[in-house]
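Have a look at the structure below before the remarks.
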Amino acid sequence: MKIQLRNVYKNYKNVEAVKDLTVDIEDGTLVCLLGPSGCGKSTTLSMIAGLDTPTGGEILFNGENFTGIAAEDRDIGMVFQNYALYPHMTIMENIAFPLKMRNVKKKERIEKVKRVAKIMQIEELLNRKPSKLSGGQQQRVAIARAIVKEPKILLLDEPLSNLDARLRIELREEIRSLQRKLNITTIFVTHDQEEALSISDKILLLNNGVLQQYSTPKDMYMSPKNKFVAGFLGNPPMNFMCGTYDSGKVFVESGNITLPLPVEILKFTEEFKDKPGQAEKCTLGIRPEDLVLCDRDEGIEGNIISVQTLGKEVYLNVDIKGLMLTACTSWENNYNSGDKVYLRAKRVYLFNK
């Protein structure tokens with residue numbers, strides 16, 4: 001099912017939750033709605049689901065206007081942050097409930113439940129009550145209940161946020177595998193950038209109800225359209241600093257240094273407008289992984305202020321004459337606070353001041 005939002009906006013009294021959102025979600029794709037708390041993710045999902053009505057604009061399913069159509073008539077499956085399972089029912093009865101509401105015969109209901117339970121690896125749980133299940137098992141049941149009626153669209157509103165980190169990784173991979181197997185158009189709301197980057201065909205990034213960028217994870221990470229996108233994606237976040245662009249040359253101006261940067265490493269973002277021959281203040285961005293430790297004659301000198309060891313990577317907070325930068329390196333390099341290092345940048349992004 002192809003989903004199209006055309007100039008959709010939503011107001012709550014004096015609050016503009018979603019502002020003039022226009023986007024196409026192609027049939028059979030998995031799109032993550034990403035952004036900080038209060039950016040309009042869940043509101044957008046609710047409007048697509050029919051649980052909330054847009055203040056203006058249109059929502060189309062395969063070209064047909066569904067803006068005023070009730071949720072139960074939209075052929076969607078929904079999974080929420082809280083699993084919303086019926087505690088007095090068995091897992092079999094919970095999963096079968098949407099089919100029962102559609103007056104599907106009992107024999108067919110049982111067959112469909114068993115089939116979807118096998119897909120979700122919960123076959124042995126069908127006779128239990130929800131209270132006897134772990135959080136991960138309950139979430140599998142909630143997903144099974146959403147897909148048992150074979151909906152055209154699957155909507156997931158932060159479905160993994162109540163789970164521990166290891167289980168989240170396991171379940172998000174299962175959701176991605178399931179989505180591909182069923183070839184169902186899926187919208188996944190999350191505030192977790194790692195989750196969005198790992199499973200999406202495309203990411204729709206919102207801030208204050210405004211669409212910031214809609215693209216593949218790689219394109220969003222490597223070619224951010226503006227400073228918000230660049231700063232939101234990446235852990236640790238991008239280093240930002242002041243600079244000047246003048247006649248094709250860029251200079252870092254921060255702390256006690258004015259450092260020219262080679263043109264070949266510069267990436268001009270969409271929001272940065274080139275003004276040849278004019279000195280223009282700008283913001284420069286360097287991702288920590290694009291800061292490379294090098295020999296003295298290849299980079300600029302700095303002192304390590306602190307070292308953070310996180311799994312397979314080490315983050316160095318480096319002071320370069322008053323300019324504080326975070327660099328990402330591997331365990332192979334053994335550095336300590338107070339050590340002298342030399343850094344060079346592989347890639348520098350330019351943003352409007």
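Residues in the structure tokens are numbered from 1 in each chain, the chains being A, B, ... in the order shown, and ligands are numbered from 1 in the order shown.
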DSSP on the backbone: which residues in stretch 94-294 of chain A end up as alpha helix (DSSP H)? Give the answer as a PyMOL selection string.
chain A and resi 94-101+106-119+135-147+165-182+193-199+217-222+227-232
Contacts of stretch 314-321 of chain A at 7 Å or less, counting only C-alpha atoms, minus same-chain residues fewer than 4 places along, as a list in words?
Gly255, Asn256, Ile257, Glu301, Gly302, Asn303, Ile304, Ile305, Ser306, Val307, Gln308, Thr309, Leu310, Leu325, Thr326, Ala327, Cys328, Thr329, Ser330 and Trp331 of chain A
Convert the current residue selection to file output with N, CA, C and O atoms, as a compact mmCIF listing (two decimals), in the first residue's frame.
# COMPACT_ATOMS: atom_id res chain seq x y z
N GLY A 255 38.52 29.22 19.31
CA GLY A 255 39.59 29.20 20.30
C GLY A 255 40.67 30.19 19.92
O GLY A 255 40.40 31.35 19.61
N ASN A 256 41.91 29.74 19.89
CA ASN A 256 43.04 30.61 19.56
C ASN A 256 43.66 30.25 18.22
O ASN A 256 44.86 30.45 18.00
N ILE A 257 42.86 29.71 17.30
CA ILE A 257 43.44 29.30 16.02
C ILE A 257 42.63 29.83 14.84
O ILE A 257 41.43 30.05 14.94
N GLU A 301 48.33 19.86 16.29
CA GLU A 301 48.58 19.34 17.63
C GLU A 301 47.44 19.65 18.60
O GLU A 301 46.84 20.73 18.56
N GLY A 302 47.15 18.67 19.48
CA GLY A 302 46.16 18.86 20.53
C GLY A 302 46.51 18.03 21.74
O GLY A 302 47.38 17.16 21.70
N ASN A 303 45.83 18.31 22.85
CA ASN A 303 46.04 17.57 24.10
C ASN A 303 44.76 16.85 24.50
O ASN A 303 43.67 17.45 24.47
N ILE A 304 44.88 15.59 24.87
CA ILE A 304 43.72 14.81 25.30
C ILE A 304 43.27 15.27 26.68
O ILE A 304 44.05 15.27 27.63
N ILE A 305 42.01 15.66 26.78
CA ILE A 305 41.43 16.10 28.05
C ILE A 305 40.82 14.92 28.79
O ILE A 305 40.95 14.80 30.02
N SER A 306 40.16 14.02 28.06
CA SER A 306 39.55 12.85 28.68
C SER A 306 39.41 11.73 27.66
O SER A 306 39.43 11.97 26.45
N VAL A 307 39.27 10.51 28.17
CA VAL A 307 39.14 9.32 27.33
C VAL A 307 37.91 8.54 27.78
O VAL A 307 37.74 8.27 28.97
N GLN A 308 37.01 8.21 26.83
CA GLN A 308 35.85 7.39 27.13
C GLN A 308 35.96 6.08 26.36
O GLN A 308 36.08 6.08 25.15
N THR A 309 35.93 4.97 27.08
CA THR A 309 36.00 3.66 26.43
C THR A 309 34.60 3.07 26.36
O THR A 309 33.97 2.80 27.38
N LEU A 310 34.09 2.90 25.14
CA LEU A 310 32.73 2.40 24.92
C LEU A 310 32.78 1.25 23.93
O LEU A 310 32.80 1.46 22.72
N LEU A 325 37.31 19.22 20.58
CA LEU A 325 36.81 18.28 19.60
C LEU A 325 36.75 16.88 20.19
O LEU A 325 37.56 16.52 21.05
N THR A 326 35.79 16.09 19.70
CA THR A 326 35.71 14.67 20.06
C THR A 326 36.14 13.85 18.85
O THR A 326 35.63 14.05 17.74
N ALA A 327 37.10 12.97 19.06
CA ALA A 327 37.58 12.08 18.01
C ALA A 327 37.28 10.64 18.39
O ALA A 327 37.29 10.28 19.57
N CYS A 328 36.98 9.83 17.40
CA CYS A 328 36.67 8.42 17.62
C CYS A 328 37.82 7.57 17.09
O CYS A 328 38.24 7.73 15.94
N THR A 329 38.32 6.67 17.91
CA THR A 329 39.43 5.82 17.48
C THR A 329 39.19 4.39 17.99
O THR A 329 38.17 4.10 18.61
N SER A 330 40.12 3.48 17.71
CA SER A 330 39.95 2.09 18.09
C SER A 330 40.79 1.76 19.33
O SER A 330 41.62 2.55 19.78
N TRP A 331 40.58 0.56 19.86
CA TRP A 331 41.32 0.11 21.04
C TRP A 331 42.81 -0.08 20.73
O TRP A 331 43.62 -0.17 21.65
Which parts of stretch 111-299 of chain A does DSSP call strand (DSSP E or B) when run on the backbone here, written out as number ranges by chain?
A: 153-157, 185-190, 202-207, 210-215, 239-246, 249-254, 257-261, 266-268, 279-286, 291-293
Generate a file of the selected residues that holds C-alpha atoms, formatted as an mmCIF file, in the first residue's frame.
data_model
loop_
_atom_site.group_PDB
_atom_site.id
_atom_site.type_symbol
_atom_site.label_atom_id
_atom_site.label_comp_id
_atom_site.auth_asym_id
_atom_site.auth_seq_id
_atom_site.Cartn_x
_atom_site.Cartn_y
_atom_site.Cartn_z
ATOM 1 C CA ILE A 153 -0.138 -1.277 6.463
ATOM 2 C CA LEU A 154 1.713 -1.986 9.733
ATOM 3 C CA LEU A 155 2.165 0.895 12.174
ATOM 4 C CA LEU A 156 4.503 0.584 15.166
ATOM 5 C CA ASP A 157 4.667 3.314 17.829
ATOM 6 C CA THR A 185 4.275 -1.127 4.096
ATOM 7 C CA THR A 186 5.531 -0.369 7.598
ATOM 8 C CA ILE A 187 5.943 2.868 9.561
ATOM 9 C CA PHE A 188 8.034 2.602 12.716
ATOM 10 C CA VAL A 189 8.088 5.482 15.226
ATOM 11 C CA THR A 190 11.259 5.776 17.293
ATOM 12 C CA LYS A 202 14.041 5.503 4.515
ATOM 13 C CA ILE A 203 14.033 7.793 7.547
ATOM 14 C CA LEU A 204 11.587 10.676 7.946
ATOM 15 C CA LEU A 205 13.219 13.083 10.388
ATOM 16 C CA LEU A 206 11.015 15.670 12.119
ATOM 17 C CA ASN A 207 11.756 18.580 14.426
ATOM 18 C CA VAL A 210 8.591 20.253 10.460
ATOM 19 C CA LEU A 211 10.105 17.758 8.020
ATOM 20 C CA GLN A 212 13.899 18.130 8.112
ATOM 21 C CA GLN A 213 14.925 15.364 5.704
ATOM 22 C CA TYR A 214 13.410 12.256 4.105
ATOM 23 C CA SER A 215 15.988 9.907 2.620
ATOM 24 C CA ASN A 239 31.680 18.538 16.301
ATOM 25 C CA PHE A 240 30.545 22.070 15.374
ATOM 26 C CA MET A 241 32.743 25.152 15.165
ATOM 27 C CA CYS A 242 32.779 28.641 13.679
ATOM 28 C CA GLY A 243 34.468 29.388 10.393
ATOM 29 C CA THR A 244 34.683 31.657 7.377
ATOM 30 C CA TYR A 245 34.196 30.799 3.719
ATOM 31 C CA ASP A 246 36.013 33.137 1.345
ATOM 32 C CA LYS A 249 38.656 28.674 0.888
ATOM 33 C CA VAL A 250 37.465 27.821 4.374
ATOM 34 C CA PHE A 251 39.087 28.809 7.658
ATOM 35 C CA VAL A 252 38.354 27.469 11.134
ATOM 36 C CA GLU A 253 38.034 30.335 13.593
ATOM 37 C CA SER A 254 37.646 28.981 17.090
ATOM 38 C CA ILE A 257 43.437 29.297 16.022
ATOM 39 C CA THR A 258 42.687 30.276 12.440
ATOM 40 C CA LEU A 259 43.207 27.137 10.403
ATOM 41 C CA PRO A 260 42.788 26.856 6.596
ATOM 42 C CA LEU A 261 41.097 23.671 5.367
ATOM 43 C CA LEU A 266 34.735 20.037 2.138
ATOM 44 C CA LYS A 267 31.098 18.980 1.717
ATOM 45 C CA PHE A 268 28.711 21.821 0.928
ATOM 46 C CA ALA A 279 33.843 36.386 3.081
ATOM 47 C CA GLU A 280 30.912 34.595 4.714
ATOM 48 C CA LYS A 281 30.646 33.361 8.261
ATOM 49 C CA CYS A 282 29.634 29.706 8.424
ATOM 50 C CA THR A 283 29.353 26.732 10.763
ATOM 51 C CA LEU A 284 31.669 23.793 10.189
ATOM 52 C CA GLY A 285 30.870 20.238 11.209
ATOM 53 C CA ILE A 286 33.218 17.260 11.605
ATOM 54 C CA LEU A 291 38.978 13.016 12.770
ATOM 55 C CA VAL A 292 42.035 10.853 12.125
ATOM 56 C CA LEU A 293 45.023 10.436 14.413
#
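With distances restricted to only C-alpha atoms, A:Val141 is the closest residue to A:Ile91 from A:Met120, A:Ile110, A:Val141, A:Met220.
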Enter the distance from atom CA of A:Met92 to atom CA of A:Met78, in Å, rounded to one decimal.
17.9 Å
Need the shell around A:Lys129: protein/DNA/RNA residues with any atom at most 12 Å away, counting only C-alpha atoms. Skip same-chain ones fewer than 6 positions apart. Format as a list in words?
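Result of the neighbour search: Leu85, Tyr86, Pro87, His88, Met89, Thr90, Ile91, Met92, Glu93, Asn94, Ile95, Gln137, Gln138 and Val141 of chain A.
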Within 10 Å of A:Asn235, counting only C-alpha atoms, which residues show up once you throw out same-chain ones fewer than 6 positions away? Write them as a PDB file with N, CA, C and O atoms, in the first residue's frame, please.
ATOM      1  N   GLN A 193      18.062   6.799  17.182  1.00  0.00           N
ATOM      2  CA  GLN A 193      18.660   6.921  15.855  1.00  0.00           C
ATOM      3  C   GLN A 193      19.303   5.624  15.385  1.00  0.00           C
ATOM      4  O   GLN A 193      19.253   5.299  14.189  1.00  0.00           O
ATOM      5  N   GLU A 194      19.894   4.875  16.309  1.00  0.00           N
ATOM      6  CA  GLU A 194      20.530   3.609  15.928  1.00  0.00           C
ATOM      7  C   GLU A 194      19.490   2.631  15.387  1.00  0.00           C
ATOM      8  O   GLU A 194      19.733   1.922  14.411  1.00  0.00           O
ATOM      9  N   ARG A 287      32.425  14.989  11.887  1.00  0.00           N
ATOM     10  CA  ARG A 287      32.039  13.824  12.677  1.00  0.00           C
ATOM     11  C   ARG A 287      33.270  13.259  13.389  1.00  0.00           C
ATOM     12  O   ARG A 287      34.372  13.263  12.831  1.00  0.00           O
ATOM     13  N   PRO A 288      33.103  12.755  14.612  1.00  0.00           N
ATOM     14  CA  PRO A 288      34.243  12.214  15.372  1.00  0.00           C
ATOM     15  C   PRO A 288      35.028  11.150  14.617  1.00  0.00           C
ATOM     16  O   PRO A 288      36.253  11.094  14.720  1.00  0.00           O
ATOM     17  N   GLU A 289      34.331  10.316  13.825  1.00  0.00           N
ATOM     18  CA  GLU A 289      35.038   9.279  13.079  1.00  0.00           C
ATOM     19  C   GLU A 289      35.801   9.824  11.876  1.00  0.00           C
ATOM     20  O   GLU A 289      36.618   9.119  11.274  1.00  0.00           O
ATOM     21  N   CYS A 328      36.982   9.826  17.400  1.00  0.00           N
ATOM     22  CA  CYS A 328      36.669   8.416  17.623  1.00  0.00           C
ATOM     23  C   CYS A 328      37.818   7.569  17.087  1.00  0.00           C
ATOM     24  O   CYS A 328      38.244   7.731  15.944  1.00  0.00           O
TER      25      CYS A 328
END
Find the spatial neighbours of A:Thr22, counting only C-alpha atoms, within a cut-off of 8 Å - ignore same-chain residues fewer than 2 positions away - and output them as a list of chain:residue names.
A:Gln4, A:Leu5, A:Arg6, A:Asn7, A:Val8, A:Asp20, A:Asp24
Store the residues of this selection in a file with N, CA, C and O atoms, as a CSV table (one decimal), in the first residue's frame.
chain,number,residue,atom,x,y,z
A,4,GLN,N,0.5,8.5,0.9
A,4,GLN,CA,0.9,9.8,0.5
A,4,GLN,C,0.3,10.8,1.5
A,4,GLN,O,-0.9,10.8,1.8
A,5,LEU,N,1.1,11.7,2.0
A,5,LEU,CA,0.6,12.8,2.9
A,5,LEU,C,0.8,14.1,2.1
A,5,LEU,O,1.9,14.4,1.6
A,6,ARG,N,-0.3,14.8,1.9
A,6,ARG,CA,-0.3,16.1,1.1
A,6,ARG,C,-0.6,17.3,2.0
A,6,ARG,O,-1.7,17.4,2.4
A,7,ASN,N,0.4,18.1,2.3
A,7,ASN,CA,0.2,19.3,3.0
A,7,ASN,C,-0.5,19.1,4.3
A,7,ASN,O,-1.4,19.9,4.7
A,8,VAL,N,-0.2,18.0,5.0
A,8,VAL,CA,-0.9,17.7,6.3
A,8,VAL,C,-0.3,18.5,7.5
A,8,VAL,O,0.9,18.7,7.6
A,20,ASP,N,2.5,21.3,7.7
A,20,ASP,CA,2.6,21.2,6.2
A,20,ASP,C,3.5,20.0,5.7
A,20,ASP,O,4.5,20.2,5.0
A,24,ASP,N,5.8,10.9,0.3
A,24,ASP,CA,5.3,9.7,-0.3
A,24,ASP,C,6.1,8.5,0.4
A,24,ASP,O,7.3,8.5,0.4
I need the residue nearest A:Ile25 from this list: A:Met47, A:Ile59, A:Val148, A:Ala345. Use only C-alpha atoms for the distance.
A:Ile59
Could you work out how far atom CA of A:Asn183 lies from atom CA of A:Asn127, giving the answer in Å with one decimal?
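One can read the atom CA of A:Asn127 to atom CA of A:Asn183 distance as 29.3 Å.
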